[in-house]
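Undergrad: Just passing along the structure, written as structure tokens.
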There are 4 protein chains.
Amino acid sequence: MVFVLAAAAASAADQPRARTLGVPFDGTPGLLDAITDVKGVTVGHSTIVRGEGALKVGEGPVRTGVTAILPRGRETMNDPVFAGWFALNGAGEMTGTTWIEEGGFLEGPVMITNTHSVGAVHEATIAWRVKEGAADATGYWWSNPVVAETWDGELNDINGFHVKQANVFEALSGAKGGPVAEGNVGGGTGMICNGFKGGIGTASRKLSDAAGGYTVGALVQCNYGRKADLTIAGVPVGREIIGEGARDDDEGSIIIVVATDAPLLPTQLKRLARRAALGLARVGSIAGNGSGDIFIAFSTANPGAARPTGLVALSDLPNDRMNPLFAATVQSVEEAIVNAMIAAETMKGANNFVVRALPHDDLRRILKKYGRVVEPTP
Amino acid sequence: MVFVLAAAAASAADQPRARTLGVPFDGTPGLLDAITDVKGVTVGHSTIVRGEGALKVGEGPVRTGVTAILPRGRETMNDPVFAGWFALNGAGEMTGTTWIEEGGFLEGPVMITNTHSVGAVHEATIAWRVKEGAADATGYWWSNPVVAETWDGELNDINGFHVKQANVFEALSGAKGGPVAEGNVGGGTGMICNGFKGGIGTASRKLSDAAGGYTVGALVQCNYGRKADLTIAGVPVGREIIGEGARDDDEGSIIIVVATDAPLLPTQLKRLARRAALGLARVGSIAGNGSGDIFIAFSTANPGAARPTGLVALSDLPNDRMNPLFAATVQSVEEAIVNAMIAAETMKGANNFVVRALPHDDLRRILKKYGRVVEPTP
Amino acid sequence: MVFVLAAAAASAADQPRARTLGVPFDGTPGLLDAITDVKGVTVGHSTIVRGEGALKVGEGPVRTGVTAILPRGRETMNDPVFAGWFALNGAGEMTGTTWIEEGGFLEGPVMITNTHSVGAVHEATIAWRVKEGAADATGYWWSNPVVAETWDGELNDINGFHVKQANVFEALSGAKGGPVAEGNVGGGTGMICNGFKGGIGTASRKLSDAAGGYTVGALVQCNYGRKADLTIAGVPVGREIIGEGARDDDEGSIIIVVATDAPLLPTQLKRLARRAALGLARVGSIAGNGSGDIFIAFSTANPGAARPTGLVALSDLPNDRMNPLFAATVQSVEEAIVNAMIAAETMKGANNFVVRALPHDDLRRILKKYGRVVEPTP
Amino acid sequence: MVFVLAAAAASAADQPRARTLGVPFDGTPGLLDAITDVKGVTVGHSTIVRGEGALKVGEGPVRTGVTAILPRGRETMNDPVFAGWFALNGAGEMTGTTWIEEGGFLEGPVMITNTHSVGAVHEATIAWRVKEGAADATGYWWSNPVVAETWDGELNDINGFHVKQANVFEALSGAKGGPVAEGNVGGGTGMICNGFKGGIGTASRKLSDAAGGYTVGALVQCNYGRKADLTIAGVPVGREIIGEGARDDDEGSIIIVVATDAPLLPTQLKRLARRAALGLARVGSIAGNGSGDIFIAFSTANPGAARPTGLVALSDLPNDRMNPLFAATVQSVEEAIVNAMIAAETMKGANNFVVRALPHDDLRRILKKYGRVVEPTP
């Protein structure tokens, strides 16, 4: 097997981001402005870029990958987190949600890949646990992993099933804290967003001490939308940039993962997941018919909440204190999407189809025209 | 206003019950075999029986009422309980569920009445709080009461809107612990169940110490089903009793309230609410198209969980320990339905329509025929 | 009983609207830019403005009302419409949704009022049917009306229960097509939105012939949000207007009604209802904890779909053709909210609390500053 | 690859069934008393039985398989069916449900396998379409297959991932109408139910002409429950049979597939799916915490409903006519479960663990004791 790490992945810290271009956002980001600002969360990518030219099913070209988000790093296998999920438009897949809805726990990583590799990633995620982990506290190996997807079939030989067990293991075993590679990496490698090149993006918000000092982080695999609808900082950027978008209609999908260290119950995390829709709307989405807009939120608080015996002591943030978390979620999601588009680079894929990157200069020029550019943040 | 307390209500302790007839059930009941075995829960009825003969809209005859279940008695107004709900078949109304689903709290009593008195009970429940209670901890009077209903339009002048504020106040202010009047009382006054007279019924289960010693109680307002489907202790009782049922089809509805003192989160209480369907199925229900089969479950544990500031410390029973609660719910609901039918007495209502009570002798004879009668429990 | 029709209601055609101020919107509005552009839909208001000065519960001041939306005008009573609903944040009430979810039909009008008048409106809506209508096709009077609410307790004596049967009858019997009064009318009379005076607003979109030529209309009762979050045409208007908002936090609520003549099934109408969230997001909402953001969508197509016998022949627009409807919903909702704020006038209510109208001049000035004002449309 | 077709599969017509033992059921079965009585539905199994003795992960012993249900046989790939789903207890997986909920269509087969082979079956189901089928009507290969599971880890080397693409192709390509093999076949090979050997079971009901003459069929992969709860024909059979059950607690799961030719909309099919819970309850289930009780219902009526252009003409059975379908669903599910247990044979699996079949003689003896045995039906 041959797979190539995108260059970007090696230099997550240097990639261009929305703030470095002067796009204005509300709220205060965490240190890295990334989902990994939520302590314990690790992210790993396996990026597969191979071949050029005409599509031959099973041979390529390959422009795909897989991304792993581990709520508690390696401890994820032993200590489930409270979680909730929401489908704004369910034209897609996120496996494992039936148990999240029922039991309130996310019992492993969140994996994101292309539509037709859900199966391979599902099996390999269990295999990784069998290899690296242990049975659960009741002596049981039951595994019901969360695997989500978006469609990269324009750039990638999606019917060739190129994501293999080794890729999944690479993403899972390589997951780490710190800066997160964005753009054409991991599951986001071959994605298209709002008519331009899409992919992985992330952002975070840090609440004030008065609001509890909690952190909210979002990571998106963004592959949705039409150029005509693209809105950044309230400005109709998509229409002002000359040329056609890479897709005619609002197809594609977006997977959004929201993490927080605020102590929330499953019902409250579902509320957070639902707010992801509002962040997405700010970038212009109408949640098109074919768009799998599926969101999951989890909390790293309350370790040990899933132990099977005795009574569990939990800490809970009251509903009445959730508004700052709602705002942070909306803002993180909005910025993560823009970050994905700004980090993604122009890509040539199957059948020499080219998807161009969002032109940074045009973006700045248009924001400026509407009085919506700010001093870049390093 | 004139309203009459049914005689039965005065003597809840003496009413006939399934166990006194030797119907076998699984599990161990609480002391009273009633929802009030869950400490703190109080129940009040207002029963309105007035007039005879031909129906004249607005004048009667009246065979209706309202029942109030207060999770923490009078403290209910100040200290919401965690709750969850489920509609097996949503051809009915239970107001207030949208907030239960969102916030996880039941913030007042559960009220049950006839279909067309939902409005009167809704307003009067708020009026009672305004009169007897206080604004919430944030200084806010916002009230979104839970009012559920079933249809008594065969026996009762339902378009006459005979449930008034005084009835609602009577049910709320008169709510108490101890034995619960069953049958033709409160909201159950004019109800029909499985072809015979229905109404209010209750039952409970006490878990073993090994299972935590928790109590589960159910209260039903039962008004659903066909005679042909009536099954008691697994025996097709309905078919073996001679004569026609009071309704041709599976119309009507059933409201089920499940209470427990086990420390459960909202997601877990939704699971309990869903189990009510399994108890209902044991009595033969197919959840007919017109049947509003709507269930709510709440926990009296975790007092203070709804306070709006700081962090809240909660106790939670793990999912892995819920099976005994599931069994207790199924069993309590099954028995509560049978209790409702056994306590209910033959009633003549509007237009001299008569709904006969389930004949106790026939029931015993048929259970005996199938080897399913046991020594009566006093 | 004394109640006063707001002057505005008499002159719906002359009220100021977003387009007359030059606010830019996407899409093509219908003739009236109102929910009544969907043929057959009628709207009626009863507005109650009475008293001044200190609040005395039960006496006033009164600043409230009720709004009725009838999908098929008077035929609504006899011919239910397909419908779907969605709660973005369920801190509020919309009765009747359990049956909409189960059966797929809205079997009467949608009523909107204040939080504590849900009961009065519920009962009176049934009473109106009893008075003006007939039993259903199966001979049954079962009524389960849809009544939604938002909180006007700052300006209105909400604990005084001032909405009476006569008001409900006025709204229902007075409902008509044509221009719809906006702002301080009907259920919207005492509402507050994004820190300024809120109320009723409406807008519509007409699809191209290629997209089927369908109409989508929205009507909102808007009472949500913080001044700081108010965004119009992508511009952070709320922050740029000097002064404090009428509420500190994102409290209040918004009820959104979406109507269309496109032939959609209940599952598809739920999809439309969900898109209302995206329109709301464009105006800056984070769906605050206490905000009851509850949406309903119905289709006037397929008359006779609810008849109880035989087989029903239906027409259905494929999912693959829904994107223009999604866009139209998002756009109509966004504009309806802005219209509500622009039509609403400064109001003084209970305890002389004053809520100022959104200042039109400031709005135009700020939009202009950001290059987002267009030539006004008459 | 070596895999062995269970002998039972070759002789579906001769297998013992509940009716041949005299178990009484309500309603009138279809010709085969199987899901294939619904015209067009085909079923295929791949059964893998290999090795004996001590478990060695990756080597065996293997007692597993996969079952495919194709709503329209081979046409399934080209013509989606309306569908709905319901999780009574979501401790399991059924992929593809998010799109069913959103779009209302099941766009391929329903596959059932063991918990850890969901991934392999998911990918292979797409691969089969790529090999045997075509892009959809919009030229798109997007595939989001429905794959459900239950746990066979006691008898089977579940961490060895023994279900391979060839098995999936065998089940899909071998699917046919006519009698359906039950018991230890396909996905049901290694399953345990109510303490005895479980597996695949099926049954059907044919409605009267007055009710429309429609057929309802159910197929279950049954792996849930405790011996102590097993109830057949209302009789507590499990307690009366001497000896221990194969599991201590209500673990395992049950997947239920309901098919009908009645013209129902997605919302109505969800109603059917929910009734599967009532059939399951009749056999004694409490829907234990670890039990993935997940149900799907589809209708073969309205071919062409999913075409992407123009308007689609649909036929719909009114809600008011659904009661006979509800009864048929409850009855078919109840009987399918009992059929699964009666067809399943004693199996020795990994580590020589033996799960005994439900003893037919004991069953007949106990039913007789309670007056609940009838003349066997051939």
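Please note that chains go A, B, ... in the order of the structure tokens, that every chain numbers its residues from 1, and that ligands are numbered from 1 in the order shown.
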Within 7 Å of chain C, which residues of chain A are there when counting only C-alpha atoms? Please give them as a ChimeraX atom specification.
TA: /A:234-235,275,278,281-282,286,288-289,319-320,322-323,326-327,330,370-371
Undergrad: When you draw a straight line from CA of Glu52 (chain D) to CA of Ala135 (chain A), how long is it in Å?
TA: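 So the two atoms, CA of Glu52 (chain D) and CA of Ala135 (chain A), lie 23.1 Å apart.
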Undergrad: Please give the complete set of residues from region 1-238 of chain C that DSSP, run on the backbone, assigns to strand (DSSP E), formatted as a ChimeraX atom specification.
TA: /C:42-50,62-74,81-90,105-106,110-114,146-150,192-193,196-197,199-206,215-224
Undergrad: When distances are computed from only C-alpha atoms, which of D:Ala297, D:Ile100, D:Val258, D:Ala357 shows the smallest separation from Ala34 (chain D)?
TA: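 The closest residue to Ala34 (chain D) is D:Val258.
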Undergrad: Hey, what's within 10 Å of Asp248 (chain B) if we count only C-alpha atoms and toss same-chain stuff fewer than 6 positions away? As a ChimeraX atom specification, please?
TA: /B:194-195,225-228
Undergrad: Asn352 (chain A): which residues within 8 Å, counting only C-alpha atoms, same-chain residues fewer than 2 positions away excluded, as a list in words?
TA: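 Answer for this query is Glu52, Gly53, Ala54, Lys348, Gly349, Ala350 and Val354 of chain A.
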Undergrad: With N, CA, C and O atoms retained, export the selected residues as a PDB file, in the first residue's frame.
TA:
```
ATOM      1  N   GLU A  52      -2.938   9.894 -11.364  1.00  0.00           N
ATOM      2  CA  GLU A  52      -3.442  11.047 -12.108  1.00  0.00           C
ATOM      3  C   GLU A  52      -4.182  10.567 -13.339  1.00  0.00           C
ATOM      4  O   GLU A  52      -4.071   9.411 -13.734  1.00  0.00           O
ATOM      5  N   GLY A  53      -4.915  11.456 -13.951  1.00  0.00           N
ATOM      6  CA  GLY A  53      -5.512  11.153 -15.253  1.00  0.00           C
ATOM      7  C   GLY A  53      -6.858  10.484 -15.184  1.00  0.00           C
ATOM      8  O   GLY A  53      -7.633  10.706 -14.258  1.00  0.00           O
ATOM      9  N   ALA A  54      -7.132   9.669 -16.202  1.00  0.00           N
ATOM     10  CA  ALA A  54      -8.464   9.092 -16.363  1.00  0.00           C
ATOM     11  C   ALA A  54      -8.808   8.154 -15.210  1.00  0.00           C
ATOM     12  O   ALA A  54      -7.955   7.418 -14.706  1.00  0.00           O
ATOM     13  N   LYS A 348      -6.138  18.736  -8.551  1.00  0.00           N
ATOM     14  CA  LYS A 348      -6.522  18.049  -9.779  1.00  0.00           C
ATOM     15  C   LYS A 348      -6.727  16.578  -9.437  1.00  0.00           C
ATOM     16  O   LYS A 348      -5.855  15.955  -8.831  1.00  0.00           O
ATOM     17  N   GLY A 349      -7.849  16.024  -9.810  1.00  0.00           N
ATOM     18  CA  GLY A 349      -8.137  14.648  -9.427  1.00  0.00           C
ATOM     19  C   GLY A 349      -8.498  13.783 -10.617  1.00  0.00           C
ATOM     20  O   GLY A 349      -7.957  13.955 -11.710  1.00  0.00           O
ATOM     21  N   ALA A 350      -9.417  12.872 -10.393  1.00  0.00           N
ATOM     22  CA  ALA A 350      -9.825  11.909 -11.415  1.00  0.00           C
ATOM     23  C   ALA A 350     -10.256  12.633 -12.686  1.00  0.00           C
ATOM     24  O   ALA A 350     -10.923  13.663 -12.636  1.00  0.00           O
ATOM     25  N   VAL A 354     -10.409  19.629 -12.074  1.00  0.00           N
ATOM     26  CA  VAL A 354      -9.695  20.549 -11.183  1.00  0.00           C
ATOM     27  C   VAL A 354     -10.693  21.335 -10.338  1.00  0.00           C
ATOM     28  O   VAL A 354     -11.665  21.892 -10.856  1.00  0.00           O
TER      29      VAL A 354
END
```
Undergrad: May I ask for the distance between CA of Ile256 (chain B) and CA of Ser332 (chain D), given in Å to one decimal place?
TA: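 If I compute the distance from CA of Ile256 (chain B) to CA of Ser332 (chain D), I get 26.3 Å.
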Undergrad: Need the shell around region 56-71 of chain D: protein/DNA/RNA residues with any atom at most 8 Å away, counting only C-alpha atoms. Skip same-chain ones fewer than 4 positions apart. Format as a VMD selection string?
TA: chain D and resid 40 to 52 76 81 108 to 114 121 152 155 to 163 167 to 168 171 to 172 175 185 to 190 259 298 to 300 349 to 350
